[in-house]
Amino acid sequence: MRRTRSAPEAIGRMYDERSPIGDELRDGQLHMWYWYDDADEATLPEAVHRITRKVTDTLGLRPGEHLLDAGCGPGETAVYLTTEFGARVTGITVSDFEVAKATERAATAGVDDRAVFQHGDYASLDFPDGSFDAVLALETLQYANDLDQVLREFHRVLRPGGRLSFSDFSLESAHDPERIDTFAASLGLSVLPTLDEWLRHLRDAGFEVEEYTQCGPRVFGRKSKYLRVAMERREEVAAKFGEEALDGYSAGLRGFFAPRRDQIGYVIASARRTRAT
Ligand SMILES: C[S@@+](CC[C@H](N)C(=O)[O-])C[C@H]1O[C@@H](n2cnc3c(N)ncnc32)[C@H](O)[C@@H]1O
């Protein structure tokens with residue numbers, strides 16, 4: 001894949017532009033969907049929430065634990081973690097829109113004493129060693145210009161025994177590389193590792209891998225279902241944001257759909273900072 005190296009500020013501007021419509025369509029969760037099959041009647045927000053649940057379940061969070069939500073988006077995941085698990089969440093993102101939206105969402109949900117958000121780049125974290133019990137990186141490591149450095153930062157801010165869970169795209173078939181390049185350019189991806197490469201990066205950063213899955217066929221593999229359900233809300237979204245904004249949003253994501261269904265996987269992985277390190 002042709003590598004894009006985008007400064008975090010540029011990624012932040014991209015999310016300032018894309019997140020308002022994405023937030024509306026996916027109810028505050030800016031990540032992929034999970035549909036069992038084409039007849040699955042889950043709505044888009046429900047299908048997206050399945051990913052939230054599947055990834056965060058791997059963390060084994062306990063009440064009162066402090067989690068870093070790295071690349072937190074507009075805050076729905078953090079609200080879920082406080083209400084479902086009783087966790088405390090600090091969210092960071094490079095998008096100003098997302099910091100404001102996530103802060104507002106936590107206040108509306110009445111959890112702003114347990115979920116706070118700030119502008120920050122995960123490559124260089126402003127937290128002391130061992131500050132967190134868990135780190136979540138839900139579809140955000142794809143923007144890491146130096147993935148190993150980011151994983152070492154997560155390792156540093158975790159206490160010994162702390163857990164990291166992430167989900168992200170994986171490269172399943174490099175045949176037809178032009179389609180992959182189109183996909184990567186539309187998202188501004190910096191990396192698209194294979195499943196084995198993801199796991200190697202985790203181990204190289206000092207993590208012990210405890211769980212992983214590749215559920216791409218139910219995620220990217222359901223791209224035509226996503227197009228159908230998103231189209232059903234087109235008029236409503238256009239009425240709220242305007243035709244021009246919606247056209248810009250759709251044009252920016254057109255290349256996302258270029259790969260064949262079996263070329264792009266979706267990895268969920270969970271790992272632990274071992275106690276000895
Ligand atoms: C696909 S969205 C996922 C958002 C959220 N995790 C969710 O699942 O709803 C990617 C997120 O990564 C954030 N991001 C990208 N690069 C980042 C960086 N260097 N540091 C912190 N956040 C970053 C973006 O601002 C955005 O919030």
# chains A, B, ... in the order shown; residues from 1 in each chain; ligands from 1
>>> residues_near_ligand(ligand="ligand 1", cutoff="8 Å", atoms="only C-alpha atoms and all ligand atoms", output="ChimeraX atom specification")
/A:7-8,11-12,15,28-32,52,69-77,92-95,98,119-123,137-144
>>> residues_around(residues="A:Ser190", least_positions_apart="2", cutoff="8 Å", atoms="only C-alpha atoms", output="list of chain:residue names")
A:Arg3, A:Thr4, A:Arg5, A:Ser6, A:Gln142, A:Tyr143, A:Ala144, A:Asn145, A:Ala184, A:Gly188, A:Leu192
>>> closest_residue(among="A:Ile51, A:Ala102, A:Ile264, A:Leu202", to="A:Leu151", atoms="only C-alpha atoms")
A:Leu202
>>> closest_atom_pairs(of="stretch 110-199 of chain A", to="stretch 271-274 of chain A", cutoff="7 Å", atoms="only C-alpha atoms", output="Markdown table")
| residue | atom | partner | partner_atom | distance |
| --- | --- | --- | --- | --- |
| A:His155 | CA | A:Arg273 | CA | 6.3 |
| A:Pro160 | CA | A:Arg273 | CA | 5.5 |
| A:Gly161 | CA | A:Arg273 | CA | 5.1 |
| A:Gly162 | CA | A:Arg273 | CA | 5.5 |
| A:Arg163 | CA | A:Arg272 | CA | 4.4 |
| A:Leu164 | CA | A:Ala271 | CA | 5.3 |
| A:Ser165 | CA | A:Ala271 | CA | 6.4 |
>>> residues_around(residues="A:Arg18", least_positions_apart="2", cutoff="12 Å", atoms="only C-alpha atoms", output="CSV table (one decimal) with all heavy atoms, in the first residue's frame")
chain,number,residue,atom,x,y,z
A,11,ILE,N,-5.1,15.2,10.2
A,11,ILE,CA,-6.1,14.2,10.5
A,11,ILE,C,-7.2,14.9,11.3
A,11,ILE,O,-8.4,14.6,11.1
A,11,ILE,CB,-5.5,13.0,11.3
A,11,ILE,CG1,-4.4,12.3,10.4
A,11,ILE,CG2,-6.6,12.0,11.7
A,11,ILE,CD1,-5.0,11.6,9.2
A,12,GLY,N,-6.8,15.7,12.2
A,12,GLY,CA,-7.8,16.4,13.1
A,12,GLY,C,-8.8,17.3,12.2
A,12,GLY,O,-10.0,17.3,12.5
A,13,ARG,N,-8.2,18.0,11.2
A,13,ARG,CA,-9.1,18.8,10.4
A,13,ARG,C,-10.0,17.9,9.6
A,13,ARG,O,-11.2,18.2,9.4
A,13,ARG,CB,-8.2,19.6,9.4
A,13,ARG,CG,-7.6,20.9,10.1
A,13,ARG,CD,-7.1,21.8,9.1
A,13,ARG,NE,-6.0,21.3,8.3
A,13,ARG,CZ,-4.7,21.2,8.7
A,13,ARG,NH1,-4.3,21.7,9.9
A,13,ARG,NH2,-3.8,20.7,7.9
A,14,MET,N,-9.5,16.7,9.1
A,14,MET,CA,-10.4,15.8,8.4
A,14,MET,C,-11.6,15.4,9.2
A,14,MET,O,-12.7,15.3,8.8
A,14,MET,CB,-9.6,14.6,7.9
A,14,MET,CG,-10.3,13.6,7.1
A,14,MET,SD,-9.3,12.3,6.5
A,14,MET,CE,-9.4,11.1,7.9
A,15,TYR,N,-11.3,15.1,10.5
A,15,TYR,CA,-12.3,14.6,11.4
A,15,TYR,C,-13.2,15.8,11.8
A,15,TYR,O,-14.4,15.6,12.0
A,15,TYR,CB,-11.8,13.9,12.6
A,15,TYR,CG,-11.6,12.4,12.2
A,15,TYR,CD1,-10.5,11.9,11.7
A,15,TYR,CD2,-12.7,11.6,12.3
A,15,TYR,CE1,-10.3,10.6,11.3
A,15,TYR,CE2,-12.6,10.2,11.9
A,15,TYR,CZ,-11.4,9.8,11.4
A,15,TYR,OH,-11.3,8.5,10.9
A,16,ASP,N,-12.7,17.0,11.9
A,16,ASP,CA,-13.6,18.1,12.1
A,16,ASP,C,-14.6,18.3,11.0
A,16,ASP,O,-15.8,18.6,11.3
A,16,ASP,CB,-12.8,19.5,12.2
A,16,ASP,CG,-12.0,19.6,13.5
A,16,ASP,OD1,-12.3,18.8,14.4
A,16,ASP,OD2,-11.0,20.4,13.5
A,20,PRO,N,-19.2,15.4,12.1
A,20,PRO,CA,-20.6,15.8,12.3
A,20,PRO,C,-21.6,14.9,11.6
A,20,PRO,O,-22.5,14.4,12.3
A,20,PRO,CB,-20.6,17.2,11.8
A,20,PRO,CG,-19.3,17.8,12.0
A,20,PRO,CD,-18.4,16.6,11.7
A,21,ILE,N,-21.3,14.6,10.3
A,21,ILE,CA,-22.3,13.7,9.6
A,21,ILE,C,-22.1,12.3,10.1
A,21,ILE,O,-23.1,11.5,10.3
A,21,ILE,CB,-22.1,13.8,8.1
A,21,ILE,CG1,-22.6,15.2,7.7
A,21,ILE,CG2,-22.9,12.8,7.4
A,21,ILE,CD1,-22.5,15.5,6.2
A,22,GLY,N,-20.9,11.8,10.3
A,22,GLY,CA,-20.6,10.5,10.8
A,22,GLY,C,-21.3,10.3,12.2
A,22,GLY,O,-21.9,9.2,12.4
A,23,ASP,N,-21.2,11.3,13.0
A,23,ASP,CA,-21.8,11.2,14.3
A,23,ASP,C,-23.4,11.0,14.2
A,23,ASP,O,-24.0,10.2,14.9
A,23,ASP,CB,-21.5,12.6,15.1
A,23,ASP,CG,-22.1,12.6,16.5
A,23,ASP,OD1,-22.0,11.6,17.2
A,23,ASP,OD2,-22.6,13.7,16.8
A,24,GLU,N,-23.9,11.8,13.3
A,24,GLU,CA,-25.4,11.7,13.1
A,24,GLU,C,-25.8,10.3,12.6
A,24,GLU,O,-26.7,9.7,13.1
A,24,GLU,CB,-25.8,12.7,12.0
A,24,GLU,CG,-27.3,12.7,11.6
A,24,GLU,CD,-28.2,13.2,12.7
A,24,GLU,OE1,-27.7,14.0,13.6
A,24,GLU,OE2,-29.4,12.9,12.7
A,25,LEU,N,-25.0,9.8,11.6
A,25,LEU,CA,-25.4,8.5,11.0
A,25,LEU,C,-25.2,7.3,12.0
A,25,LEU,O,-25.9,6.3,12.0
A,25,LEU,CB,-24.6,8.2,9.8
A,25,LEU,CG,-25.0,8.9,8.5
A,25,LEU,CD1,-23.9,8.7,7.4
A,25,LEU,CD2,-26.3,8.4,8.0
A,30,LEU,N,-17.8,6.5,15.6
A,30,LEU,CA,-17.3,6.7,14.3
A,30,LEU,C,-16.5,5.4,13.8
A,30,LEU,O,-15.3,5.6,13.4
A,30,LEU,CB,-16.4,7.9,14.2
A,30,LEU,CG,-17.0,9.2,14.3
A,30,LEU,CD1,-16.0,10.3,14.1
A,30,LEU,CD2,-18.2,9.3,13.3
A,73,GLY,N,-13.1,9.9,19.2
A,73,GLY,CA,-14.3,10.2,18.5
A,73,GLY,C,-15.2,11.1,19.3
A,73,GLY,O,-14.8,11.7,20.3
A,74,PRO,N,-16.5,11.1,18.9
A,74,PRO,CA,-17.4,12.1,19.5
A,74,PRO,C,-18.1,11.5,20.8
A,74,PRO,O,-19.1,12.0,21.2
A,74,PRO,CB,-18.5,12.3,18.5
A,74,PRO,CG,-18.3,11.3,17.4
A,74,PRO,CD,-17.0,10.5,17.7
A,95,SER,N,-9.2,16.0,17.0
A,95,SER,CA,-10.3,16.8,16.4
A,95,SER,C,-10.9,17.7,17.5
A,95,SER,O,-11.5,17.2,18.5
A,95,SER,CB,-11.3,15.9,15.8
A,95,SER,OG,-12.6,16.5,15.7
A,97,PHE,N,-13.7,19.4,17.1
A,97,PHE,CA,-15.1,19.1,17.0
A,97,PHE,C,-15.4,18.0,18.0
A,97,PHE,O,-16.4,18.0,18.8
A,97,PHE,CB,-15.6,18.8,15.6
A,97,PHE,CG,-16.9,18.1,15.6
A,97,PHE,CD1,-18.1,18.9,15.7
A,97,PHE,CD2,-17.1,16.8,15.6
A,97,PHE,CE1,-19.4,18.3,15.7
A,97,PHE,CE2,-18.4,16.2,15.6
A,97,PHE,CZ,-19.5,17.0,15.7
A,98,GLU,N,-14.6,16.9,17.9
A,98,GLU,CA,-14.9,15.7,18.7
A,98,GLU,C,-14.7,16.0,20.2
A,98,GLU,O,-15.5,15.5,21.0
A,98,GLU,CB,-14.0,14.6,18.3
A,98,GLU,CG,-14.3,14.1,16.9
A,98,GLU,CD,-13.4,12.9,16.4
A,98,GLU,OE1,-12.4,12.6,17.1
A,98,GLU,OE2,-13.8,12.4,15.3
A,186,SER,N,-8.5,7.3,0.6
A,186,SER,CA,-9.8,8.0,1.0
A,186,SER,C,-9.9,8.1,2.5
A,186,SER,O,-10.6,9.0,3.0
A,186,SER,CB,-11.0,7.2,0.4
A,186,SER,OG,-11.3,6.1,1.3
A,187,LEU,N,-9.3,7.2,3.3
A,187,LEU,CA,-9.3,7.3,4.7
A,187,LEU,C,-8.1,8.1,5.3
A,187,LEU,O,-8.1,8.4,6.5
A,187,LEU,CB,-9.4,5.9,5.3
A,187,LEU,CG,-10.6,5.1,5.1
A,187,LEU,CD1,-10.5,3.7,5.7
A,187,LEU,CD2,-11.9,5.8,5.6
A,241,PHE,N,-27.9,18.8,7.3
A,241,PHE,CA,-26.5,19.4,7.1
A,241,PHE,C,-26.4,20.1,5.8
A,241,PHE,O,-25.4,20.8,5.5
A,241,PHE,CB,-25.5,18.2,7.1
A,241,PHE,CG,-25.3,17.6,8.5
A,241,PHE,CD1,-26.1,16.5,8.8
A,241,PHE,CD2,-24.5,18.2,9.4
A,241,PHE,CE1,-26.0,15.9,10.1
A,241,PHE,CE2,-24.3,17.6,10.7
A,241,PHE,CZ,-25.1,16.5,11.0
A,245,ALA,N,-22.8,19.7,2.0
A,245,ALA,CA,-22.0,19.0,3.0
A,245,ALA,C,-22.1,17.5,2.8
A,245,ALA,O,-21.1,16.8,2.9
A,245,ALA,CB,-22.4,19.5,4.4
A,246,LEU,N,-23.3,17.0,2.5
A,246,LEU,CA,-23.5,15.6,2.4
A,246,LEU,C,-22.7,15.1,1.1
A,246,LEU,O,-22.1,14.0,1.2
A,246,LEU,CB,-25.0,15.3,2.3
A,246,LEU,CG,-25.3,13.8,2.2
A,246,LEU,CD1,-24.7,13.0,3.4
A,246,LEU,CD2,-26.8,13.5,2.2
A,247,ASP,N,-22.8,15.9,0.0
A,247,ASP,CA,-22.0,15.5,-1.2
A,247,ASP,C,-20.5,15.4,-0.9
A,247,ASP,O,-19.8,14.5,-1.3
A,247,ASP,CB,-22.3,16.4,-2.3
A,247,ASP,CG,-23.7,16.2,-2.9
A,247,ASP,OD1,-24.3,15.2,-2.6
A,247,ASP,OD2,-24.1,17.1,-3.7
A,248,GLY,N,-20.0,16.4,-0.1
A,248,GLY,CA,-18.6,16.4,0.2
A,248,GLY,C,-18.2,15.2,1.1
A,248,GLY,O,-17.2,14.5,0.8
A,249,TYR,N,-19.1,14.9,2.0
A,249,TYR,CA,-18.9,13.7,2.9
A,249,TYR,C,-18.8,12.4,2.0
A,249,TYR,O,-17.9,11.6,2.2
A,249,TYR,CB,-20.0,13.6,3.9
A,249,TYR,CG,-20.0,12.5,4.8
A,249,TYR,CD1,-19.1,12.5,6.0
A,249,TYR,CD2,-20.8,11.4,4.6
A,249,TYR,CE1,-19.1,11.4,6.8
A,249,TYR,CE2,-20.7,10.3,5.5
A,249,TYR,CZ,-19.9,10.3,6.6
A,249,TYR,OH,-19.9,9.2,7.5
A,250,SER,N,-19.8,12.3,1.1
A,250,SER,CA,-19.9,11.1,0.3
A,250,SER,C,-18.7,11.0,-0.6
A,250,SER,O,-18.1,9.9,-0.8
A,250,SER,CB,-21.2,11.0,-0.5
A,250,SER,OG,-22.3,11.2,0.4
A,251,ALA,N,-18.3,12.1,-1.2
A,251,ALA,CA,-17.2,12.1,-2.2
A,251,ALA,C,-15.9,11.7,-1.5
A,251,ALA,O,-15.1,10.9,-2.0
A,251,ALA,CB,-17.1,13.5,-2.8
A,252,GLY,N,-15.7,12.2,-0.3
A,252,GLY,CA,-14.5,11.9,0.5
A,252,GLY,C,-14.4,10.4,0.8
A,252,GLY,O,-13.3,9.9,0.9
A,253,LEU,N,-15.5,9.7,0.9
A,253,LEU,CA,-15.5,8.3,1.3
A,253,LEU,C,-15.6,7.4,0.1
A,253,LEU,O,-15.6,6.1,0.3
A,253,LEU,CB,-16.6,8.1,2.3
A,253,LEU,CG,-16.3,8.6,3.7
A,253,LEU,CD1,-17.4,8.4,4.7
A,253,LEU,CD2,-15.0,8.1,4.3
>>> select_by_dssp(residues="stretch 118-220 of chain A", states="alpha helix (DSSP H)", output="ChimeraX atom specification")
/A:147-157,177-187,195-204
>>> atom_distance(atom1="atom CA of A:Glu17", atom2="atom CA of A:Phe257")
19.6 Å
>>> residues_around(residues="stretch 108-118 of chain A", least_positions_apart="3", cutoff="8 Å", atoms="only C-alpha atoms", output="compact mmCIF listing (two decimals) with all heavy atoms, in the first residue's frame")
# COMPACT_ATOMS: atom_id res chain seq x y z
N ALA A 78 -17.13 6.25 25.13
CA ALA A 78 -16.75 6.59 26.52
C ALA A 78 -17.96 6.59 27.43
O ALA A 78 -17.90 6.07 28.56
CB ALA A 78 -16.05 7.96 26.53
N VAL A 79 -19.08 7.14 26.94
CA VAL A 79 -20.30 7.15 27.75
C VAL A 79 -20.72 5.71 28.06
O VAL A 79 -21.06 5.36 29.20
CB VAL A 79 -21.43 7.92 27.02
CG1 VAL A 79 -22.78 7.70 27.70
CG2 VAL A 79 -21.10 9.41 26.95
N THR A 82 -18.54 4.14 30.81
CA THR A 82 -18.84 4.59 32.18
C THR A 82 -20.12 3.96 32.69
O THR A 82 -20.20 3.55 33.85
CB THR A 82 -18.97 6.13 32.26
OG1 THR A 82 -20.04 6.54 31.40
CG2 THR A 82 -17.70 6.83 31.86
N THR A 83 -21.15 3.88 31.81
CA THR A 83 -22.44 3.39 32.29
C THR A 83 -22.47 1.85 32.38
O THR A 83 -23.03 1.29 33.31
CB THR A 83 -23.59 3.88 31.39
OG1 THR A 83 -23.27 3.58 30.03
CG2 THR A 83 -23.76 5.38 31.50
N ALA A 87 -16.52 2.43 34.59
CA ALA A 87 -15.13 2.87 34.44
C ALA A 87 -15.03 4.39 34.45
O ALA A 87 -16.03 5.10 34.28
CB ALA A 87 -14.58 2.35 33.11
N ARG A 88 -13.83 4.90 34.70
CA ARG A 88 -13.51 6.32 34.47
C ARG A 88 -12.79 6.38 33.15
O ARG A 88 -11.91 5.54 32.88
CB ARG A 88 -12.58 6.84 35.56
CG ARG A 88 -13.27 7.14 36.87
CD ARG A 88 -12.33 7.84 37.83
NE ARG A 88 -11.12 7.07 38.09
CZ ARG A 88 -9.88 7.57 38.03
NH1 ARG A 88 -9.66 8.83 37.69
NH2 ARG A 88 -8.82 6.81 38.31
N VAL A 89 -13.12 7.37 32.34
CA VAL A 89 -12.54 7.43 30.99
C VAL A 89 -11.91 8.79 30.75
O VAL A 89 -12.51 9.83 31.05
CB VAL A 89 -13.62 7.18 29.91
CG1 VAL A 89 -13.02 7.28 28.51
CG2 VAL A 89 -14.27 5.81 30.11
N THR A 90 -10.69 8.77 30.22
CA THR A 90 -10.09 9.98 29.67
C THR A 90 -9.96 9.75 28.17
O THR A 90 -9.33 8.77 27.74
CB THR A 90 -8.70 10.24 30.29
OG1 THR A 90 -8.87 10.46 31.70
CG2 THR A 90 -8.05 11.48 29.66
N GLY A 91 -10.60 10.60 27.40
CA GLY A 91 -10.56 10.45 25.94
C GLY A 91 -9.66 11.50 25.32
O GLY A 91 -9.67 12.65 25.75
N ILE A 92 -8.87 11.09 24.34
CA ILE A 92 -8.08 12.07 23.60
C ILE A 92 -8.35 11.91 22.10
O ILE A 92 -8.60 10.81 21.61
CB ILE A 92 -6.55 11.97 23.86
CG1 ILE A 92 -6.01 10.60 23.43
CG2 ILE A 92 -6.21 12.25 25.31
CD1 ILE A 92 -4.51 10.62 23.19
N THR A 93 -8.28 13.02 21.41
CA THR A 93 -8.49 13.04 19.97
C THR A 93 -7.78 14.26 19.40
O THR A 93 -7.51 15.21 20.14
CB THR A 93 -9.99 13.09 19.61
OG1 THR A 93 -10.14 13.42 18.22
CG2 THR A 93 -10.75 14.13 20.42
N VAL A 99 -13.72 16.78 20.61
CA VAL A 99 -13.57 17.10 22.05
C VAL A 99 -14.85 17.79 22.54
O VAL A 99 -15.42 17.42 23.58
CB VAL A 99 -12.35 18.02 22.30
CG1 VAL A 99 -12.32 18.47 23.77
CG2 VAL A 99 -11.05 17.30 21.96
N ALA A 102 -17.94 15.28 22.41
CA ALA A 102 -17.84 14.23 23.43
C ALA A 102 -18.11 14.82 24.82
O ALA A 102 -18.80 14.20 25.64
CB ALA A 102 -16.45 13.59 23.38
N THR A 103 -17.61 16.02 25.06
CA THR A 103 -17.83 16.67 26.36
C THR A 103 -19.33 16.93 26.56
O THR A 103 -19.89 16.67 27.63
CB THR A 103 -17.02 17.98 26.43
OG1 THR A 103 -15.64 17.66 26.19
CG2 THR A 103 -17.16 18.66 27.78
N GLU A 104 -19.97 17.41 25.50
CA GLU A 104 -21.42 17.68 25.56
C GLU A 104 -22.19 16.37 25.76
O GLU A 104 -23.11 16.30 26.57
CB GLU A 104 -21.82 18.34 24.22
CG GLU A 104 -23.29 18.65 24.06
CD GLU A 104 -23.59 18.95 22.58
OE1 GLU A 104 -22.88 19.79 21.97
OE2 GLU A 104 -24.51 18.33 22.03
N ARG A 105 -21.78 15.33 25.06
CA ARG A 105 -22.49 14.04 25.15
C ARG A 105 -22.39 13.47 26.57
O ARG A 105 -23.36 12.96 27.12
CB ARG A 105 -21.89 13.08 24.13
CG ARG A 105 -22.55 11.75 24.08
CD ARG A 105 -22.09 10.93 22.88
NE ARG A 105 -23.04 10.94 21.81
CZ ARG A 105 -22.82 11.40 20.58
NH1 ARG A 105 -21.64 11.89 20.26
NH2 ARG A 105 -23.76 11.37 19.67
>>> closest_residue(among="A:Asp40, A:Glu211, A:Asp133, A:Asp262", to="A:Arg62", atoms="only C-alpha atoms")
A:Asp133
